[in-house]
file entry25.txt (compact mmCIF, C-alpha atoms)
# COMPACT_ATOMS: atom_id res chain seq x y z
CA MET A 89 128.75 101.99 96.90
CA GLY A 90 125.51 100.37 98.06
CA TYR A 91 123.04 101.56 100.68
CA LEU A 92 123.78 98.88 103.28
CA ASN A 93 126.58 96.34 103.21
CA THR A 94 126.85 94.96 106.74
CA ALA A 95 124.55 94.49 109.69
CA SER A 96 126.33 97.30 111.55
CA ASP A 97 125.93 99.76 108.66
CA ARG A 98 122.45 101.07 109.51
CA PRO A 99 122.21 104.82 108.93
CA HIS A 100 118.43 104.85 108.38
CA PRO A 101 116.80 101.70 109.79
CA GLU A 102 113.68 103.69 110.66
CA LEU A 103 112.52 104.20 107.07
CA ASP A 104 108.95 103.11 106.39
CA VAL A 105 109.35 103.20 102.60
CA MET A 106 112.36 102.84 100.34
CA VAL A 107 111.93 103.96 96.73
CA VAL A 108 114.35 102.72 94.09
CA GLY A 109 114.57 104.40 90.69
CA GLU A 110 115.51 107.35 88.57
CA ALA A 111 115.61 111.01 89.53
CA LEU A 112 115.98 113.59 86.78
CA ILE A 113 115.17 117.13 85.71
CA ASP A 114 111.86 117.64 83.91
CA VAL A 115 112.22 120.38 81.32
CA VAL A 116 108.63 121.48 80.71
CA THR A 117 107.80 123.39 77.54
CA THR A 118 104.35 124.94 77.12
CA GLY A 119 104.16 127.03 73.99
CA SER A 120 107.07 129.47 74.28
CA ARG A 121 107.53 128.96 78.04
CA ARG A 122 110.29 126.69 79.41
CA GLU A 123 110.60 125.61 83.05
CA GLU A 124 112.81 123.09 84.85
CA HIS A 125 111.57 120.93 87.74
CA PRO A 126 113.10 117.97 89.59
CA GLY A 127 111.25 114.82 88.50
CA GLY A 128 111.42 111.18 87.51
CA SER A 129 108.57 108.90 88.51
CA PRO A 130 110.29 107.15 91.46
CA ALA A 131 111.68 110.46 92.76
CA ASN A 132 108.20 111.98 92.47
CA VAL A 133 106.73 109.07 94.43
CA ALA A 134 109.37 109.50 97.16
CA TYR A 135 108.73 113.24 97.30
CA GLY A 136 104.97 112.68 97.45
CA LEU A 137 105.35 110.18 100.27
CA ALA A 138 107.48 112.57 102.32
CA ARG A 139 104.91 115.33 101.76
CA LEU A 140 102.34 112.89 103.18
CA GLY A 141 104.41 112.44 106.33
CA VAL A 142 105.94 109.04 105.49
CA THR A 143 109.60 108.46 106.42
CA THR A 144 111.03 107.76 102.99
CA GLY A 145 114.42 107.05 101.44
CA LEU A 146 115.33 107.18 97.74
CA LEU A 147 118.03 105.05 96.16
CA THR A 148 118.75 106.63 92.80
CA ALA A 149 121.53 107.68 90.42
CA ILE A 150 122.37 111.36 89.97
CA ALA A 151 125.58 113.32 89.32
CA PRO A 152 127.31 115.82 91.62
CA ASP A 153 126.42 118.59 89.16
CA ALA A 154 124.04 121.57 89.33
CA TRP A 155 120.99 119.51 88.35
CA GLY A 156 121.95 116.75 90.79
CA ARG A 157 122.28 119.25 93.63
CA ARG A 158 118.93 120.77 92.73
CA ILE A 159 117.28 117.35 92.85
CA GLU A 160 118.85 116.53 96.20
CA GLU A 161 117.82 119.87 97.70
CA HIS A 162 114.28 119.41 96.38
CA LEU A 163 113.96 115.93 97.89
CA SER A 164 115.69 116.74 101.16
CA GLY A 165 113.50 119.81 101.56
CA ALA A 166 110.46 117.54 101.73
CA GLY A 167 112.18 115.13 104.11
CA VAL A 168 113.31 112.43 101.67
CA VAL A 169 116.59 110.73 102.62
CA VAL A 170 118.74 110.47 99.47
CA LEU A 171 120.49 107.21 100.27
CA PRO A 172 124.22 106.53 100.07
CA GLY A 173 125.26 105.16 96.70
CA SER A 174 123.00 107.58 94.80
CA LYS A 175 125.64 110.01 93.43
CA THR A 176 127.22 107.80 90.79
CA LEU A 177 126.66 109.46 87.41
CA VAL A 178 128.75 111.85 85.36
CA ARG A 179 125.67 113.77 84.15
CA THR A 180 122.24 114.04 85.76
CA ALA A 181 119.45 112.80 83.49
CA SER A 182 116.68 114.95 82.03
CA ALA A 183 113.26 114.54 80.41
CA THR A 184 111.70 117.20 78.21
CA ALA A 185 107.93 117.31 78.61
CA THR A 186 105.94 119.11 75.92
CA VAL A 187 102.54 120.03 77.32
CA ALA A 188 99.58 120.11 74.91
CA ALA A 189 96.54 122.38 75.13
CA ASP A 190 94.57 119.71 77.03
CA GLY A 191 97.29 119.41 79.70
CA SER A 192 98.66 116.06 78.51
CA ALA A 193 102.43 115.71 78.17
CA HIS A 194 104.79 114.05 75.66
CA TYR A 195 108.31 113.16 76.88
CA ASP A 196 111.79 113.03 75.31
CA PHE A 197 114.57 111.61 77.48
CA ASP A 198 118.31 112.12 77.95
CA ILE A 199 119.05 109.45 80.52
CA PHE A 200 121.67 106.94 81.57
CA TRP A 201 120.64 104.61 84.39
CA ASP A 202 123.03 102.59 86.49
CA LEU A 203 122.91 101.35 90.05
CA ALA A 204 125.61 99.69 92.11
CA PRO A 205 124.86 96.14 93.33
CA GLN A 206 122.95 96.29 96.62
CA THR A 207 123.21 94.11 99.73
CA HIS A 208 120.87 95.14 102.51
CA ALA A 209 120.99 94.38 106.22
CA PHE A 210 117.38 95.43 106.75
CA PHE A 211 114.35 96.27 104.68
CA PRO A 212 111.63 98.90 105.15
CA LYS A 213 107.93 98.13 105.48
CA ILE A 214 107.41 98.86 101.78
CA LEU A 215 109.86 98.92 98.88
CA HIS A 216 108.62 100.72 95.76
CA THR A 217 110.18 100.75 92.32
CA GLY A 218 109.21 101.33 88.74
CA SER A 219 109.51 103.27 85.54
CA ILE A 220 112.72 103.57 83.50
CA ALA A 221 114.80 102.09 86.32
CA THR A 222 113.23 98.65 85.87
CA PHE A 223 113.78 98.47 82.11
CA LEU A 224 116.96 100.40 81.22
CA GLU A 225 120.23 98.53 81.55
CA PRO A 226 122.68 98.37 83.15
CA GLY A 227 120.77 99.54 86.23
CA ALA A 228 117.67 97.41 85.66
CA GLY A 229 119.57 94.26 86.54
CA ALA A 230 120.54 95.70 89.92
CA VAL A 231 116.91 96.66 90.59
CA LYS A 232 115.76 93.13 89.83
CA SER A 233 118.43 91.71 92.14
CA LEU A 234 117.24 94.00 94.92
CA LEU A 235 113.63 92.85 94.48
CA GLU A 236 114.80 89.24 94.63
CA GLN A 237 116.43 90.02 98.00
CA ALA A 238 113.54 92.07 99.37
CA HIS A 239 110.32 90.32 98.38
CA ARG A 240 110.35 87.87 101.30
CA HIS A 241 111.02 90.64 103.81
CA CYS A 242 108.71 93.53 102.92
CA VAL A 243 105.80 94.60 100.73
CA ILE A 244 106.86 95.34 97.15
CA THR A 245 104.97 97.88 95.02
CA TYR A 246 105.65 98.40 91.31
CA ASP A 247 104.56 100.99 88.74
CA PRO A 248 106.04 100.25 85.28
CA ASN A 249 105.19 103.76 84.00
CA ILE A 250 105.85 102.62 80.43
CA ARG A 251 107.98 104.90 78.23
CA PRO A 252 107.95 103.15 74.82
CA ASP A 253 110.70 105.35 73.36
CA LEU A 254 113.17 104.03 75.94
CA LEU A 255 112.28 100.34 75.69
CA GLY A 256 113.43 97.63 73.35
CA SER A 257 110.90 95.50 71.54
CA HIS A 258 107.41 95.00 72.92
CA ALA A 259 108.21 91.35 73.63
CA GLU A 260 111.37 92.24 75.57
CA ALA A 261 109.65 94.92 77.65
CA LYS A 262 106.68 92.67 78.42
CA ALA A 263 109.05 89.90 79.53
CA VAL A 264 110.90 92.28 81.88
CA PHE A 265 107.62 93.53 83.33
CA GLU A 266 106.18 90.06 83.88
CA ASP A 267 109.42 88.81 85.41
CA LEU A 268 109.38 91.61 87.99
CA VAL A 269 105.68 91.17 88.79
CA THR A 270 106.46 87.77 90.32
CA PHE A 271 108.33 89.58 93.14
CA THR A 272 105.57 92.10 93.86
CA ASP A 273 102.57 92.47 96.16
CA VAL A 274 100.95 95.46 94.42
CA VAL A 275 101.20 96.53 90.77
CA LYS A 276 99.83 99.88 89.66
CA LEU A 277 99.71 100.96 86.02
CA SER A 278 97.81 103.37 83.83
CA ASP A 279 95.31 102.29 81.20
CA GLU A 280 97.83 103.48 78.59
CA ASP A 281 100.47 101.18 80.13
CA ALA A 282 97.97 98.33 80.13
CA GLN A 283 97.00 98.87 76.50
CA TRP A 284 100.65 99.03 75.43
CA LEU A 285 101.61 95.87 77.31
CA TYR A 286 98.47 93.90 76.44
CA PRO A 287 96.85 95.29 73.28
CA GLY A 288 93.39 93.93 72.69
CA MET A 289 92.77 93.02 76.33
CA SER A 290 90.15 94.77 78.42
CA ILE A 291 91.10 96.41 81.72
CA GLY A 292 89.58 93.48 83.61
CA GLU A 293 91.40 90.89 81.49
CA THR A 294 94.70 92.72 81.96
CA ALA A 295 94.24 92.92 85.73
CA ALA A 296 93.37 89.22 85.90
CA HIS A 297 96.43 88.32 83.84
CA ILE A 298 98.75 90.35 86.08
CA LEU A 299 97.22 88.80 89.20
CA GLY A 300 97.88 85.40 87.64
CA LEU A 301 101.59 86.24 87.55
CA GLY A 302 101.64 86.30 91.34
CA THR A 303 100.92 89.80 92.63
CA GLY A 304 98.14 90.31 95.19
CA LEU A 305 96.59 93.60 94.04
CA THR A 306 96.47 95.20 90.60
CA VAL A 307 95.47 98.85 90.28
CA ILE A 308 94.80 100.35 86.85
CA THR A 309 94.19 104.09 86.62
CA LYS A 310 91.93 105.42 83.88
CA GLY A 311 92.41 109.19 84.08
CA PRO A 312 89.07 111.00 84.32
CA GLU A 313 87.28 107.63 84.35
CA GLY A 314 88.73 106.70 87.75
CA SER A 315 90.58 103.55 88.73
CA TYR A 316 90.08 99.80 88.85
CA LEU A 317 91.42 97.82 91.84
CA SER A 318 91.44 94.03 91.57
CA THR A 319 92.44 91.14 93.82
CA PRO A 320 92.04 87.39 93.21
CA GLY A 321 88.76 87.54 95.16
CA PHE A 322 87.01 90.71 93.99
CA ASP A 323 87.41 94.09 92.34
CA VAL A 324 86.13 97.65 92.73
CA THR A 325 85.90 100.65 90.43
CA VAL A 326 86.53 104.04 92.03
CA PRO A 327 85.52 107.29 90.27
CA ALA A 328 87.98 110.09 89.67
CA VAL A 329 87.56 113.37 91.53
CA LYS A 330 86.30 116.00 89.10
CA THR A 331 88.59 119.01 89.03
CA LYS A 332 90.07 121.65 86.74
CA VAL A 333 93.29 120.38 85.11
CA ALA A 334 96.40 122.56 84.83
CA ASP A 335 98.49 119.62 83.60
CA THR A 336 98.78 115.90 84.30
CA ILE A 337 102.50 115.84 85.16
CA GLY A 338 103.03 113.78 88.29
CA ALA A 339 99.38 112.81 88.73
CA GLY A 340 100.07 109.09 88.50
CA ASP A 341 102.97 109.44 90.91
CA SER A 342 100.81 111.30 93.43
CA PHE A 343 98.23 108.53 93.09
CA MET A 344 101.01 106.00 93.79
CA SER A 345 102.28 107.89 96.84
CA ALA A 346 98.81 108.05 98.37
CA LEU A 347 98.22 104.38 97.52
CA ILE A 348 101.41 103.45 99.42
CA LEU A 349 100.31 105.61 102.36
CA GLY A 350 97.03 103.71 102.35
CA LEU A 351 98.85 100.38 102.28
CA LEU A 352 100.90 101.41 105.31
CA ASN A 353 97.69 102.22 107.17
CA SER A 354 95.61 99.25 105.96
CA PRO A 355 94.83 96.09 107.94
CA SER A 356 97.45 93.40 107.48
CA ASP A 357 94.90 90.62 106.95
CA GLY A 358 94.02 91.37 103.34
CA PHE A 359 91.93 93.70 101.21
CA ALA A 360 88.22 93.75 101.90
CA PRO A 361 86.14 95.64 99.30
CA ALA A 362 85.75 98.61 101.66
CA VAL A 363 89.52 98.76 102.13
CA LEU A 364 90.09 98.69 98.37
CA GLU A 365 87.57 101.47 97.85
CA GLN A 366 89.18 103.62 100.51
CA LEU A 367 92.61 103.06 98.97
CA GLY A 368 91.30 104.11 95.57
CA ARG A 369 89.42 107.17 96.82
CA THR A 370 92.38 108.48 98.81
CA ALA A 371 94.73 108.01 95.86
CA ALA A 372 92.22 109.66 93.50
CA ALA A 373 91.99 112.67 95.79
CA ALA A 374 95.78 113.04 95.80
CA ALA A 375 95.89 112.90 92.00
CA ALA A 376 93.09 115.47 91.72
CA ILE A 377 94.95 117.92 93.94
CA THR A 378 98.09 117.47 91.84
CA VAL A 379 96.51 118.09 88.43
CA GLN A 380 95.10 121.42 89.66
CA ARG A 381 98.61 122.90 89.66
CA ALA A 382 101.54 122.97 87.27
CA GLY A 383 104.30 120.37 87.44
CA ALA A 384 104.72 117.41 89.78
CA ASN A 385 103.40 119.18 92.87
CA PRO A 386 101.75 116.58 95.16
CA PRO A 387 99.63 117.37 98.20
CA THR A 388 100.79 117.64 101.76
CA LEU A 389 99.13 115.41 104.33
CA GLU A 390 97.14 118.42 105.55
CA GLU A 391 95.86 119.11 102.02
CA LEU A 392 94.89 115.49 101.52
CA ASN A 393 93.21 115.33 104.90
CA ALA A 394 91.13 118.35 103.92
CA VAL A 395 89.49 116.09 101.33
CA VAL A 396 89.86 112.61 102.82
CA HIS A 397 89.22 111.54 106.39
CA VAL A 398 89.97 108.13 107.83
CA GLY A 399 87.31 105.74 106.59
CA ALA A 400 85.35 108.30 104.57
CA VAL A 401 85.67 110.83 101.78
CA ILE A 402 84.00 114.22 102.21

call {"tool": "encode", "arguments": {"input": "entry25.txt", "output": "structure tokens"}}
result
Amino acid sequence: MGYLNTASDRPHPELDVMVVGEALIDVVTTGSRREEHPGGSPANVAYGLARLGVTTGLLTAIAPDAWGRRIEEHLSGAGVVVLPGSKTLVRTASATATVAADGSAHYDFDIFWDLAPQTHAFFPKILHTGSIATFLEPGAGAVKSLLEQAHRHCVITYDPNIRPDLLGSHAEAKAVFEDLVTFTDVVKLSDEDAQWLYPGMSIGETAAHILGLGTGLTVITKGPEGSYLSTPGFDVTVPAVKTKVADTIGAGDSFMSALILGLLNSPSDGFAPAVLEQLGRTAAAAAAITVQRAGANPPTLEELNAVVHVGAVI
């Protein structure tokens, strides 16, 4: 059932990034218009990474139904490897996004999340997880077990992508989040996530608290106000790229994909301020491209390179 069970079972040892988490169908309603798009934060991150030229695999849970096939075709079309053990559900999950006049979205979910226990013979350079998959049982326990296996072998990135309607109490959700942070190297969250998890704390106080749990880099996005990147030694604030907004669906996931791309290309000896700023500016550019168009439609590497060049933003 799992992705890898023995040292000889190595169908995709060349993956640079492995993403673990939910894939679902986003049903987007805008006024009287209804559209369906493959989505789910982890699936969007995997798709965004593949569009950026990163060899990426997704370990998820979908059903062998029409929606599941559509998700798989969508991901495979971009180059994402949908990993063995991912077709385990009876019904593929969905999320209904109601888009307001300002482009913001409210979500209602129909989701069941489960994941078979995983034993891996190798690990990629980066393992990313987040969102519903890290909170919703029974699958959340399997995700935590995987992070426990992986955190000594590869870089772990985590985006909690808080969905309050799907969580238990605030105390329970905060405990799950903080428990997982101890296995991570990079945590990215939105200012809304930060405010929900730590009401009354400033962005800087929240970042410092999360760093104190053991991660090495905390990134907090602030929508049109940019992003805040913090390490135990220093922090930087990076402005957002001003652009016309069609909707915000997938913007945070595009930011995450570009952040992971930057991590793959960054020096291995830590995060100097210039490195942090470049990470933030590249991720901001990816998010800006995404919000210009409807749905979770992240940039290709060519589109991103049209805005961002190595070492400088133009």

call {"tool": "closest_residue", "arguments": {"input": "entry25.txt", "among": "A:His297, A:Arg381, A:His241, A:Arg251", "to": "Gly218 of chain A", "atoms": "all atoms listed in the file"}}
result
A:Arg251

call {"tool": "residues_around", "arguments": {"input": "entry25.txt", "residues": "Leu234 of chain A", "least_positions_apart": "3", "cutoff": "12 Å", "atoms": "all atoms listed in the file", "output": "ChimeraX atom specification"}}
result
/A:90-92,106-109,147,203-211,215-217,222,227-231,237-242,244,268,271-272

call {"tool": "atom_distance", "arguments": {"input": "entry25.txt", "atom1": "atom CA of Leu301 of chain A", "atom2": "atom CA of Glu266 of chain A"}}
result
7.0 Å

call {"tool": "closest_residue", "arguments": {"input": "entry25.txt", "among": "A:Leu224, A:Ala111, A:Met344, A:Val333", "to": "Thr378 of chain A", "atoms": "all atoms listed in the file"}}
result
A:Val333

call {"tool": "atom_distance", "arguments": {"input": "entry25.txt", "atom1": "atom CA of Gly128 of chain A", "atom2": "atom CA of Leu235 of chain A"}}
result
19.7 Å

call {"tool": "closest_residue", "arguments": {"input": "entry25.txt", "among": "A:Ala346, A:Val264, A:Ala149, A:Ala154", "to": "Lys175 of chain A", "atoms": "all atoms listed in the file"}}
result
A:Ala149

call {"tool": "atom_distance", "arguments": {"input": "entry25.txt", "atom1": "atom CA of Val116 of chain A", "atom2": "atom CA of Gln283 of chain A"}}
result
25.8 Å

call {"tool": "closest_residue", "arguments": {"input": "entry25.txt", "among": "A:Met289, A:Asp273, A:Trp155, A:Pro312", "to": "Thr336 of chain A", "atoms": "only C-alpha atoms"}}
result
A:Pro312

call {"tool": "residues_around", "arguments": {"input": "entry25.txt", "residues": "Arg157 of chain A", "least_positions_apart": "3", "cutoff": "12 Å", "atoms": "all atoms listed in the file", "output": "PyMOL selection string"}}
result
chain A and resi 111-113+126+150-154+160-165+170+174-175+179-180

call {"tool": "write_last_selection", "arguments": {"input": "entry25.txt", "atoms": "C-alpha atoms", "output": "short mmCIF file (atom, residue, chain, number, x, y, z; two decimals), in the coordinates of the input"}}
result
data_model
loop_
_atom_site.label_atom_id
_atom_site.label_comp_id
_atom_site.auth_asym_id
_atom_site.auth_seq_id
_atom_site.Cartn_x
_atom_site.Cartn_y
_atom_site.Cartn_z
CA ALA A 111 115.61 111.01 89.53
CA LEU A 112 115.98 113.59 86.78
CA ILE A 113 115.17 117.13 85.71
CA PRO A 126 113.10 117.97 89.59
CA ILE A 150 122.37 111.36 89.97
CA ALA A 151 125.58 113.32 89.32
CA PRO A 152 127.31 115.82 91.62
CA ASP A 153 126.42 118.59 89.16
CA ALA A 154 124.04 121.57 89.33
CA GLU A 160 118.85 116.53 96.20
CA GLU A 161 117.82 119.87 97.70
CA HIS A 162 114.28 119.41 96.38
CA LEU A 163 113.96 115.93 97.89
CA SER A 164 115.69 116.74 101.16
CA GLY A 165 113.50 119.81 101.56
CA VAL A 170 118.74 110.47 99.47
CA SER A 174 123.00 107.58 94.80
CA LYS A 175 125.64 110.01 93.43
CA ARG A 179 125.67 113.77 84.15
CA THR A 180 122.24 114.04 85.76
#

call {"tool": "residues_around", "arguments": {"input": "entry25.txt", "residues": "segment 275-277 of chain A", "least_positions_apart": "4", "cutoff": "9 Å", "atoms": "all atoms listed in the file", "output": "mmCIF file with C-alpha atoms, keeping the file's coordinate frame"}}
result
data_model
loop_
_atom_site.group_PDB
_atom_site.id
_atom_site.type_symbol
_atom_site.label_atom_id
_atom_site.label_comp_id
_atom_site.auth_asym_id
_atom_site.auth_seq_id
_atom_site.Cartn_x
_atom_site.Cartn_y
_atom_site.Cartn_z
ATOM 1 C CA ILE A 244 106.860 95.340 97.150
ATOM 2 C CA THR A 245 104.970 97.880 95.020
ATOM 3 C CA TYR A 246 105.650 98.400 91.310
ATOM 4 C CA ASP A 247 104.560 100.990 88.740
ATOM 5 C CA PRO A 248 106.040 100.250 85.280
ATOM 6 C CA ASN A 249 105.190 103.760 84.000
ATOM 7 C CA ILE A 250 105.850 102.620 80.430
ATOM 8 C CA VAL A 269 105.680 91.170 88.790
ATOM 9 C CA ASP A 281 100.470 101.180 80.130
ATOM 10 C CA ALA A 282 97.970 98.330 80.130
ATOM 11 C CA ILE A 298 98.750 90.350 86.080
ATOM 12 C CA LEU A 299 97.220 88.800 89.200
ATOM 13 C CA THR A 303 100.920 89.800 92.630
ATOM 14 C CA GLY A 304 98.140 90.310 95.190
ATOM 15 C CA LEU A 305 96.590 93.600 94.040
ATOM 16 C CA THR A 306 96.470 95.200 90.600
ATOM 17 C CA VAL A 307 95.470 98.850 90.280
ATOM 18 C CA ILE A 308 94.800 100.350 86.850
ATOM 19 C CA THR A 309 94.190 104.090 86.620
ATOM 20 C CA LEU A 317 91.420 97.820 91.840
ATOM 21 C CA GLY A 340 100.070 109.090 88.500
ATOM 22 C CA MET A 344 101.010 106.000 93.790
#

call {"tool": "closest_residue", "arguments": {"input": "entry25.txt", "among": "A:Glu260, A:Asp335, A:Asp323, A:Asp196", "to": "Gly292 of chain A", "atoms": "all atoms listed in the file"}}
result
A:Asp323

call {"tool": "closest_residue", "arguments": {"input": "entry25.txt", "among": "A:Asp104, A:Glu124, A:Glu313, A:Glu110", "to": "Gly141 of chain A", "atoms": "only C-alpha atoms"}}
result
A:Asp104

call {"tool": "residues_near_point", "arguments": {"input": "entry25.txt", "point": "(91.6, 123.4, 85.0)", "cutoff": "12 Å", "atoms": "all atoms listed in the file", "output": "MDAnalysis selection string"}}
result
chainID A and resid 189:191 330:336 376:382

call {"tool": "axis_aligned_box", "arguments": {"input": "entry25.txt", "around": "segment 144-152 of chain A", "padding_each_side": "8 Å", "output": "lines of an AutoDock Vina configuration file"}}
result
center_x = 119.2
center_y = 110.4
center_z = 96.2
size_x = 32.3
size_y = 26.8
size_z = 29.7

call {"tool": "build_atoms", "arguments": {"input": "entry25.txt", "residues": "segment 247-261 of chain A", "atoms": "N, CA and C atoms", "output": "PDB file, in the frame of the given file"}}
result
ATOM      1  N   ASP A 247     105.272 100.221  89.765  1.00  0.00           N
ATOM      2  CA  ASP A 247     104.560 100.990  88.740  1.00  0.00           C
ATOM      3  C   ASP A 247     105.457 101.045  87.506  1.00  0.00           C
ATOM      4  N   PRO A 248     105.151 100.288  86.438  1.00  0.00           N
ATOM      5  CA  PRO A 248     106.040 100.250  85.280  1.00  0.00           C
ATOM      6  C   PRO A 248     106.162 101.570  84.543  1.00  0.00           C
ATOM      7  N   ASN A 249     105.120 102.417  84.591  1.00  0.00           N
ATOM      8  CA  ASN A 249     105.190 103.760  84.000  1.00  0.00           C
ATOM      9  C   ASN A 249     105.851 103.706  82.621  1.00  0.00           C
ATOM     10  N   ILE A 250     105.251 102.962  81.720  1.00  0.00           N
ATOM     11  CA  ILE A 250     105.850 102.620  80.430  1.00  0.00           C
ATOM     12  C   ILE A 250     106.232 103.856  79.614  1.00  0.00           C
ATOM     13  N   ARG A 251     107.477 103.880  79.144  1.00  0.00           N
ATOM     14  CA  ARG A 251     107.980 104.900  78.230  1.00  0.00           C
ATOM     15  C   ARG A 251     108.470 104.195  76.975  1.00  0.00           C
ATOM     16  N   PRO A 252     107.599 103.979  75.980  1.00  0.00           N
ATOM     17  CA  PRO A 252     107.950 103.150  74.820  1.00  0.00           C
ATOM     18  C   PRO A 252     109.229 103.569  74.103  1.00  0.00           C
ATOM     19  N   ASP A 253     109.516 104.878  74.068  1.00  0.00           N
ATOM     20  CA  ASP A 253     110.700 105.350  73.360  1.00  0.00           C
ATOM     21  C   ASP A 253     112.005 104.875  73.982  1.00  0.00           C
ATOM     22  N   LEU A 254     111.949 104.455  75.252  1.00  0.00           N
ATOM     23  CA  LEU A 254     113.170 104.030  75.940  1.00  0.00           C
ATOM     24  C   LEU A 254     113.278 102.514  76.051  1.00  0.00           C
ATOM     25  N   LEU A 255     112.294 101.802  75.554  1.00  0.00           N
ATOM     26  CA  LEU A 255     112.280 100.340  75.690  1.00  0.00           C
ATOM     27  C   LEU A 255     112.770  99.678  74.412  1.00  0.00           C
ATOM     28  N   GLY A 256     113.100  98.415  74.528  1.00  0.00           N
ATOM     29  CA  GLY A 256     113.430  97.630  73.350  1.00  0.00           C
ATOM     30  C   GLY A 256     112.139  97.207  72.658  1.00  0.00           C
ATOM     31  N   SER A 257     112.108  95.987  72.195  1.00  0.00           N
ATOM     32  CA  SER A 257     110.900  95.500  71.540  1.00  0.00           C
ATOM     33  C   SER A 257     109.786  95.311  72.562  1.00  0.00           C
ATOM     34  N   HIS A 258     108.558  95.253  72.054  1.00  0.00           N
ATOM     35  CA  HIS A 258     107.410  95.000  72.920  1.00  0.00           C
ATOM     36  C   HIS A 258     107.587  93.694  73.678  1.00  0.00           C
ATOM     37  N   ALA A 259     108.045  92.669  73.001  1.00  0.00           N
ATOM     38  CA  ALA A 259     108.210  91.350  73.630  1.00  0.00           C
ATOM     39  C   ALA A 259     109.237  91.411  74.758  1.00  0.00           C
ATOM     40  N   GLU A 260     110.335  92.130  74.539  1.00  0.00           N
ATOM     41  CA  GLU A 260     111.370  92.240  75.570  1.00  0.00           C
ATOM     42  C   GLU A 260     110.850  93.002  76.785  1.00  0.00           C
ATOM     43  N   ALA A 261     110.168  94.114  76.548  1.00  0.00           N
ATOM     44  CA  ALA A 261     109.650  94.920  77.650  1.00  0.00           C
ATOM     45  C   ALA A 261     108.596  94.158  78.449  1.00  0.00           C
TER      46      ALA A 261
END
